[in-house]
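*Asks:* Take a look at this one; I'll ask things after.
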Amino acid sequence: MSTLEHWLQRYNAGRDALPGAGVPWLDALREEAIMRFADEGWPSNRLESWRHTSLTLLEERSFAPASAPLAPETVLQRLRSDGEEAAGGHWLVFVDGRHAPALSELGALPAGAEIRALAEVLATHPEWVEAYFGTVEEGASPAALNAALAADGAFVRLARGVALDAPLHVVFIGGVRKGASLVRNLIVAEAGAEATIVEHYVGVDAAGDAQAGTPGTLTNAVTRIAAAQDARITHLKLQEEDRSTVHVAHIAAAQARGSVFASHSLSFGAQLARNDITTRFDGEGCEALLNGLFHVDGRRHVDHHTRIDHAQPRGTSREFYRGVLDGAGRGVFAGRILVAPGAVRTDAMQRADNLLLSPQAEADARPELEIYADDVKCAHGATVGQIDEDSLFYLRTRGLDEAHARNLLTYAFAAEVLERIGLASLKRRAQVAIRARLPGGELMEVL
Amino acid sequence: MNAPTKPIEAFLDREYPAGFVTALEADALPKGLSEDVIRRISEKKGEPEWLLEWRLESYRRWLTMTPPGWAQVSFPPIDYQDIVYYSAPRRKADAPKSLDEVDPELLRTYEKLGVPLHERARLAGVAVDAVFDSVSVATTFKKQLGEHGIVFCSFSEAVKEHPELVRQYLGTVVPQGDNFYAALNSAVFSDGSFVYIPKGVRCPMDLSTYFRINARDTGQFERTLIIADEGATVSYLEGCTAPMRDENQLHAAVVELVALEGAHIKYSTVQNWYPGDKDGKGGIYNFVTKRGDCRGARSHISWTQVETGSAITWKYPSVLLRGDDSVGEFYSVALTNHRQQADTGSKMIHFGRNTKSTIISKGISAGHGSNTFRGLVKVTPKALGARNYTQCDSLLIGGQCAAHTFPTIEVRHPSARVEHEATTSRIGEDQLFYAMQRGLTAEDAVSMIVSGFCKEVFKELPMEFAVEAQKLLGVSLEGSVG
């Protein structure tokens, strides 16, 4: 059972074995974080920001490791063969939340770029991460649980002006032994540094939907990004986990003057996935792009909560989220744009569109503006609808049958999000992922 | 371009013109709330046993509830034992039988407020039910309405004369335990208006209620119930004012609308409760629950509100679209100036097939005002072909104010089409400059821009209210309109 006691026991039993145990600041932070989690428990829909997604189901699920592990090698193989150029780049692979050096392939890194497993850094150079590890208060209670128990993850540090030549792929293969994996990724970009980082969350088990009471997999991930002045970070997250997985993630960026942060979140897997994506403009003239696509079917549930904090003047943010909802799936989008007092010349735009394909699907949208300054340009829009009958008719006059016309329009709706992904190889990978899921997607290859 | 803002600020500081106190003797219960107080309210009003029981049940529910904390407003906790729950102007031995018997002091109050209560009523052609503190003072045009079978009277009168109608509909739209303030109202409501339009009748004139809080430390808890029977049509107007006082006064009303098959209800509000002074001292807490129920097929409920008053506004006029092909509408202008806070919006819940709803909200924030739009559009699993369009725009005047937009969309039917759009902007210096170089003064230019911003909502108001609303915005904001 995943009750609070389970986690407290796990913490008490394992705290001395956690990487970096014995480092005073880290011990204190972990202690406080577990206290916070014990205090708050899993978020339920009594909390305003969890109204449409409750994690109390986790209390009834056990995350005990299973005895027979599956082969992660084949999963990685499949992943690396998708997309033409995707085999290149730097690969850092984790299995069930632990670094797998045998599967990783970092290749040659430019001078000034440091990419390592967090466990290693915590054990050898805890002072590197002290300022970037995060705080106890950050995020909801699952993020606090993560702060207390996260044992590994990616650590990326780019010195001033260093640009990573090829994308860094951080792969988390989950569900090999079932159980819970808590990972924490820290990305530190010094002034003017540039990088594209892809987080893949994949599962090994293709079994059906998880039932309450059965063992399952829990992924609890936190990614923290610190972008110094004029740094440019592109972050892409591709979540394709098993249907028995519960995925809870928090991506938090802090941007200094003139930095550019792009986040692409593609959520296709897991029984329940909750993504909190936040960025804060700590300096003038920051730019942010939050781009996302999700697909649900069966009884799956995907929730994106985003927050863009325009704390300083002259920031620009653009946000686009799209959801395709099939079966009895449920998609939730809540996006908040906050403009602090004095953050003048803010330009913020947000769009959320949902396509409902089935009578049992549900879409919930909460686009929110919170504005404390007058010289701003802010707009948001949200829609929920179905395939446009006129477009359908037009395609049918061109000789497509109804099923194909529908599939084509559904694909077109989803593919618009991919157009914003700059790198061709990543776009290609995302296309493969979409096609594998949308009805009749394989035909799009031909068209 | 600093010059034009100065006259604007001067106008922003204008004081509340309806803030006079009428010297009247009042028959009031002592402060505080208990079952005993509720029994006495009920007894004073000569209510039947079932209504007393209904009140007591509401009170018991209220005791178990906590005030909602999710709204974007802040105020010190309210001491519910420090409020007078019943206050009536003291009368001679018998209640007035005609307008001539109504206390002339009271009539003068309404005259000052510009309510067409007496002769002016006939000219304006508006039937008025005026509620002063807790009781309804006079209802005009009763006879003419009676000829059509229309019932338009105070709530207490309706309890006596049409108990079967009241009993059938009371609490069916806003149940007793709906929310903290609605439960409080259900327990202690003292008066309000009651309207019943019979089958197929088109109400020949606009019906109107004027609410005024006069006495100190008094809460006003009115309850309005409007029923439009099959095929009936009615347009209802509501206006509110209160004297200037340093303390905050509570106003927790409940309005229930029931539209049966093919019925059409249009409910317009101009709310001008005392907003407090420019430092945020005093003012009315306007915590109101308003809900309409499109119970029959092809029924239509439309809310229009102009909210310029109150220290805090907490209200979400909603429509339950239960009948097939029913239509719900919400048009709102909310203005917050000085330290005013408004958290307002609408809920549209689609149950029936081919139901349509529209939400148009215009928020204006000035001074240190905080204006929040909060909305919910919900399409339930059986609501085939539901359609919603929501637009909420915010206008910011000055760098200290705040504007928020918190809509929620929940859709559970694939045939639904739901759209939401929101924008936030300020009166641009270039807009002002353009208008001024055409010869307009700064205040004229501002008022013109604000009027243009609110046009979509004003055009939904009945004529005389549209004029009043324009004026109010002028007074509340820049004072140069008209």
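Labels for the structure tokens follow display order: chains A, B, ..., residues from 1 in each chain, ligands from 1.
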Enumerate, in order of chain and increasing residue number, the residues of chain B with an atom no farther than 8 Å from chain A, each with its shortest atom pair and distance in Å to one decimal, counting only C-alpha atoms, as a tab-separated table.
*Replies:*
```
residue	atom	partner	partner_atom	distance
B:Trp70	CA	A:Glu48	CA	7.9
B:Pro381	CA	A:Gln360	CA	7.4
B:Leu396	CA	A:Asp374	CA	5.4
B:Ile397	CA	A:Asp374	CA	6.8
B:Gly398	CA	A:Asp374	CA	6.2
B:Gly399	CA	A:Asp374	CA	5.0
B:Gln400	CA	A:Ala373	CA	6.7
B:Cys401	CA	A:Tyr372	CA	6.1
B:Ala402	CA	A:Tyr372	CA	4.3
B:Ala403	CA	A:Ile371	CA	5.1
B:His404	CA	A:Glu370	CA	4.3
B:Thr405	CA	A:Leu369	CA	4.8
B:Phe406	CA	A:Glu368	CA	4.7
B:Pro407	CA	A:Arg366	CA	5.5
B:Thr408	CA	A:Arg366	CA	4.5
B:Ile409	CA	A:Ala365	CA	4.8
B:Glu410	CA	A:Asp364	CA	4.2
B:Val411	CA	A:Ala363	CA	5.1
B:Arg412	CA	A:Glu362	CA	4.4
B:His413	CA	A:Pro359	CA	5.3
B:Pro414	CA	A:Leu356	CA	4.9
B:Ser415	CA	A:Gln386	CA	6.3
B:Ala416	CA	A:Gly385	CA	5.7
B:Arg417	CA	A:Gly385	CA	4.5
B:Val418	CA	A:Val384	CA	5.0
B:Glu419	CA	A:Thr383	CA	4.4
B:His420	CA	A:Ala382	CA	4.9
B:Glu421	CA	A:Gly381	CA	4.3
B:Ala422	CA	A:His380	CA	5.3
B:Thr423	CA	A:Ala379	CA	4.2
B:Thr424	CA	A:Cys378	CA	5.2
B:Ser425	CA	A:Lys377	CA	5.6
B:Arg426	CA	A:Asp374	CA	5.8
```
*Asks:* Please save C-alpha atoms of the selected residues as a CSV table (one decimal), in the first residue's frame.
*Replies:*
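Result written to part_6.csv:
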```csv
chain,number,residue,atom,x,y,z
B,70,TRP,CA,-11.6,30.5,-3.0
B,381,PRO,CA,-22.9,13.8,-20.8
B,396,LEU,CA,-7.2,48.6,-16.7
B,397,ILE,CA,-7.0,52.3,-15.7
B,398,GLY,CA,-3.9,53.1,-13.6
B,399,GLY,CA,-1.0,51.0,-12.6
B,400,GLN,CA,-2.2,49.9,-9.1
B,401,CYS,CA,-5.3,47.9,-10.1
B,402,ALA,CA,-5.6,44.3,-10.9
B,403,ALA,CA,-7.7,42.2,-13.3
B,404,HIS,CA,-8.0,38.4,-13.3
B,405,THR,CA,-9.8,35.9,-15.4
B,406,PHE,CA,-10.5,32.4,-14.1
B,407,PRO,CA,-12.8,30.5,-16.3
B,408,THR,CA,-13.4,26.7,-16.1
B,409,ILE,CA,-14.6,24.6,-18.9
B,410,GLU,CA,-15.8,21.1,-18.4
B,411,VAL,CA,-17.1,19.2,-21.4
B,412,ARG,CA,-18.4,15.7,-21.4
B,413,HIS,CA,-20.1,15.5,-24.8
B,414,PRO,CA,-18.3,15.3,-28.1
B,415,SER,CA,-20.9,17.3,-30.0
B,416,ALA,CA,-20.4,20.4,-27.8
B,417,ARG,CA,-18.7,23.5,-29.0
B,418,VAL,CA,-17.3,25.7,-26.3
B,419,GLU,CA,-15.2,28.8,-27.0
B,420,HIS,CA,-13.6,31.1,-24.5
B,421,GLU,CA,-11.7,34.3,-25.2
B,422,ALA,CA,-10.3,36.9,-22.9
B,423,THR,CA,-8.2,39.9,-23.4
B,424,THR,CA,-6.7,42.5,-21.0
B,425,SER,CA,-5.6,45.9,-22.0
B,426,ARG,CA,-5.5,49.4,-20.8
```
*Asks:* Would you mind listing what lies within 10 Å of A:Asn146 as a ChimeraX atom specification, with only C-alpha atoms counted and same-chain residues fewer than 3 positions away left out?
*Replies:* /A:30,33-34,37,136,141-143,149-151,181-184,219-222,248-250
*Asks:* Write down as an NGL selection string the residues of stretch 382-457 of chain B whose backbone DSSP state falls under strand (DSSP E).
*Replies:* :B and (387-397 or 402-411 or 417-426)
*Asks:* By how many Å are atom CA of A:Arg78 and atom CA of A:Gly422 apart?
*Replies:* 23.2 Å
*Asks:* When you count only C-alpha atoms, which of these residues is closest to A:Leu4: A:Asp39, A:Glu287, A:Asp27, A:Glu199?
*Replies:* A:Asp39
*Asks:* List the neighbours of B:Val450 out to 12 Å using only C-alpha atoms; skip same-chain residues closer than 3 positions along the sequence, and give me the result as an MDAnalysis selection string.
*Replies:* chainID B and resid 333:335 362:366 393:397 426:428 431:432 443:447 453:458 470 473:474 476:481
*Asks:* Mind dumping the selected residues with N, CA and C atoms as a compact mmCIF listing (two decimals), in the first residue's frame?
*Replies:*
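This went into result15.txt:
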```txt
# COMPACT_ATOMS: atom_id res chain seq x y z
N VAL B 333 -21.15 44.17 -16.74
CA VAL B 333 -20.12 45.19 -16.63
C VAL B 333 -19.82 45.30 -15.15
N ALA B 334 -18.59 45.10 -14.76
CA ALA B 334 -18.23 45.25 -13.35
C ALA B 334 -17.12 46.27 -13.26
N LEU B 335 -17.34 47.26 -12.40
CA LEU B 335 -16.33 48.31 -12.26
C LEU B 335 -15.82 48.32 -10.83
N LYS B 362 -17.43 42.33 -19.05
CA LYS B 362 -16.50 43.45 -19.21
C LYS B 362 -16.09 43.92 -17.83
N GLY B 363 -14.84 43.80 -17.52
CA GLY B 363 -14.36 44.25 -16.21
C GLY B 363 -13.52 45.50 -16.36
N ILE B 364 -13.78 46.47 -15.50
CA ILE B 364 -13.00 47.70 -15.53
C ILE B 364 -12.37 47.89 -14.15
N SER B 365 -11.07 47.99 -14.11
CA SER B 365 -10.39 48.21 -12.82
C SER B 365 -9.73 49.57 -12.84
N ALA B 366 -9.94 50.33 -11.77
CA ALA B 366 -9.28 51.63 -11.64
C ALA B 366 -8.78 51.77 -10.22
N ASP B 393 -13.46 40.58 -21.25
CA ASP B 393 -12.43 41.58 -21.52
C ASP B 393 -12.21 42.42 -20.27
N SER B 394 -10.98 42.78 -20.04
CA SER B 394 -10.66 43.62 -18.90
C SER B 394 -9.99 44.90 -19.37
N LEU B 395 -10.38 45.97 -18.72
CA LEU B 395 -9.80 47.26 -19.03
C LEU B 395 -9.14 47.79 -17.77
N LEU B 396 -7.89 48.18 -17.87
CA LEU B 396 -7.16 48.64 -16.70
C LEU B 396 -6.93 50.14 -16.80
N ILE B 397 -7.23 50.84 -15.71
CA ILE B 397 -6.99 52.28 -15.68
C ILE B 397 -6.09 52.57 -14.48
N ARG B 426 -5.18 48.20 -21.51
CA ARG B 426 -5.48 49.45 -20.81
C ARG B 426 -5.93 50.48 -21.82
N ILE B 427 -6.40 51.61 -21.33
CA ILE B 427 -6.71 52.70 -22.25
C ILE B 427 -5.37 53.22 -22.74
N GLY B 428 -5.13 53.04 -24.01
CA GLY B 428 -3.82 53.40 -24.54
C GLY B 428 -3.64 54.90 -24.62
N GLN B 431 -4.74 56.06 -27.93
CA GLN B 431 -6.19 56.20 -28.07
C GLN B 431 -6.64 57.55 -27.53
N LEU B 432 -6.14 57.87 -26.32
CA LEU B 432 -6.49 59.14 -25.68
C LEU B 432 -6.03 60.31 -26.54
N GLU B 443 -11.43 63.73 -20.09
CA GLU B 443 -12.47 62.93 -19.43
C GLU B 443 -13.52 62.45 -20.43
N ASP B 444 -13.82 63.29 -21.43
CA ASP B 444 -14.75 62.84 -22.47
C ASP B 444 -14.18 61.66 -23.23
N ALA B 445 -12.90 61.77 -23.49
CA ALA B 445 -12.25 60.69 -24.25
C ALA B 445 -12.29 59.39 -23.47
N VAL B 446 -11.98 59.48 -22.15
CA VAL B 446 -11.99 58.27 -21.32
C VAL B 446 -13.40 57.68 -21.29
N SER B 447 -14.39 58.56 -21.08
CA SER B 447 -15.76 58.05 -20.96
C SER B 447 -16.21 57.43 -22.28
N PHE B 453 -16.32 50.27 -24.75
CA PHE B 453 -15.89 48.98 -24.19
C PHE B 453 -17.09 48.19 -23.65
N CYS B 454 -18.06 48.94 -23.09
CA CYS B 454 -19.20 48.28 -22.44
C CYS B 454 -20.42 48.14 -23.34
N LYS B 455 -20.32 48.62 -24.56
CA LYS B 455 -21.50 48.74 -25.42
C LYS B 455 -22.29 47.44 -25.55
N GLU B 456 -21.57 46.35 -25.73
CA GLU B 456 -22.24 45.06 -25.94
C GLU B 456 -23.17 44.69 -24.79
N VAL B 457 -22.81 45.14 -23.58
CA VAL B 457 -23.63 44.82 -22.42
C VAL B 457 -24.76 45.83 -22.29
N PHE B 458 -24.46 47.11 -22.45
CA PHE B 458 -25.48 48.14 -22.29
C PHE B 458 -26.64 47.95 -23.25
N GLN B 470 -25.20 54.05 -17.72
CA GLN B 470 -24.21 54.97 -18.31
C GLN B 470 -23.85 56.04 -17.29
N LEU B 473 -21.73 54.68 -14.35
CA LEU B 473 -20.33 54.50 -14.73
C LEU B 473 -19.64 55.83 -14.72
N GLY B 474 -20.37 56.83 -15.23
CA GLY B 474 -19.83 58.18 -15.25
C GLY B 474 -19.49 58.64 -13.85
N SER B 476 -19.19 56.85 -11.11
CA SER B 476 -18.22 56.00 -10.44
C SER B 476 -16.82 56.19 -10.99
N LEU B 477 -16.74 56.63 -12.20
CA LEU B 477 -15.43 56.64 -12.82
C LEU B 477 -14.93 58.03 -13.18
N GLU B 478 -15.55 58.65 -14.13
CA GLU B 478 -14.94 59.91 -14.54
C GLU B 478 -15.92 61.08 -14.51
N GLY B 479 -17.20 60.80 -14.30
CA GLY B 479 -18.14 61.88 -14.04
C GLY B 479 -18.46 62.78 -15.22
N SER B 480 -18.05 62.41 -16.43
CA SER B 480 -18.25 63.34 -17.53
C SER B 480 -19.28 62.86 -18.53
N VAL B 481 -19.92 61.74 -18.24
CA VAL B 481 -20.86 61.21 -19.21
C VAL B 481 -22.13 62.05 -19.22
```
*Asks:* Could you state the separation of atom CA of B:Ala259 and atom CA of B:Ile226 in Å, given to one decimal place?
*Replies:* 8.4 Å
*Asks:* Please indicate the distance in Å from atom CA of B:Val173 to atom CA of B:Ala263, rounded to one decimal place.
*Replies:* 16.0 Å
*Asks:* Counting only C-alpha atoms, which of B:Gly192, B:Tyr285, B:Gly309, B:Met205 gets nearest to B:Trp273?
*Replies:* B:Gly309
*Asks:* Can you tell me which residues surround A:Arg420 at a distance of at most 10 Å, considering only C-alpha atoms, apart from same-chain residues fewer than 2 positions away, and format the answer as JSON, numbers by chain?
*Replies:* {"A": [262, 264, 289, 290, 291, 292, 320, 415, 416, 417, 418, 422, 423, 427]}
*Asks:* Env of A:Ile115: 9 Å cut, atoms = only C-alpha atoms, seq-sep filter 3 positions within chain, self excluded. Answer as a PDB file with C-alpha atoms, in the first residue's frame.
*Replies:*
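Okay, result.pdb is ready:
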```
ATOM      1  CA  LEU A  92      21.922   9.283 -20.659  1.00  0.00           C
ATOM      2  CA  LEU A 106      27.331  10.341 -23.834  1.00  0.00           C
ATOM      3  CA  LEU A 109      31.000  16.710 -25.067  1.00  0.00           C
ATOM      4  CA  ALA A 154      20.383  13.974 -14.892  1.00  0.00           C
ATOM      5  CA  PHE A 155      22.728  16.741 -13.948  1.00  0.00           C
ATOM      6  CA  VAL A 156      23.624  19.158 -16.732  1.00  0.00           C
ATOM      7  CA  ARG A 157      25.843  22.164 -16.337  1.00  0.00           C
ATOM      8  CA  LEU A 158      26.873  24.358 -19.219  1.00  0.00           C
TER       9      LEU A 158
END
```
*Asks:* Which residues, written as a ChimeraX atom specification, have at least one atom at most 12 Å from A:Glu31, with only C-alpha atoms counted and residues fewer than 2 positions away on the same chain left out?
*Replies:* /A:8,11-12,15-16,21-22,24-29,33-38,135-136,144-149
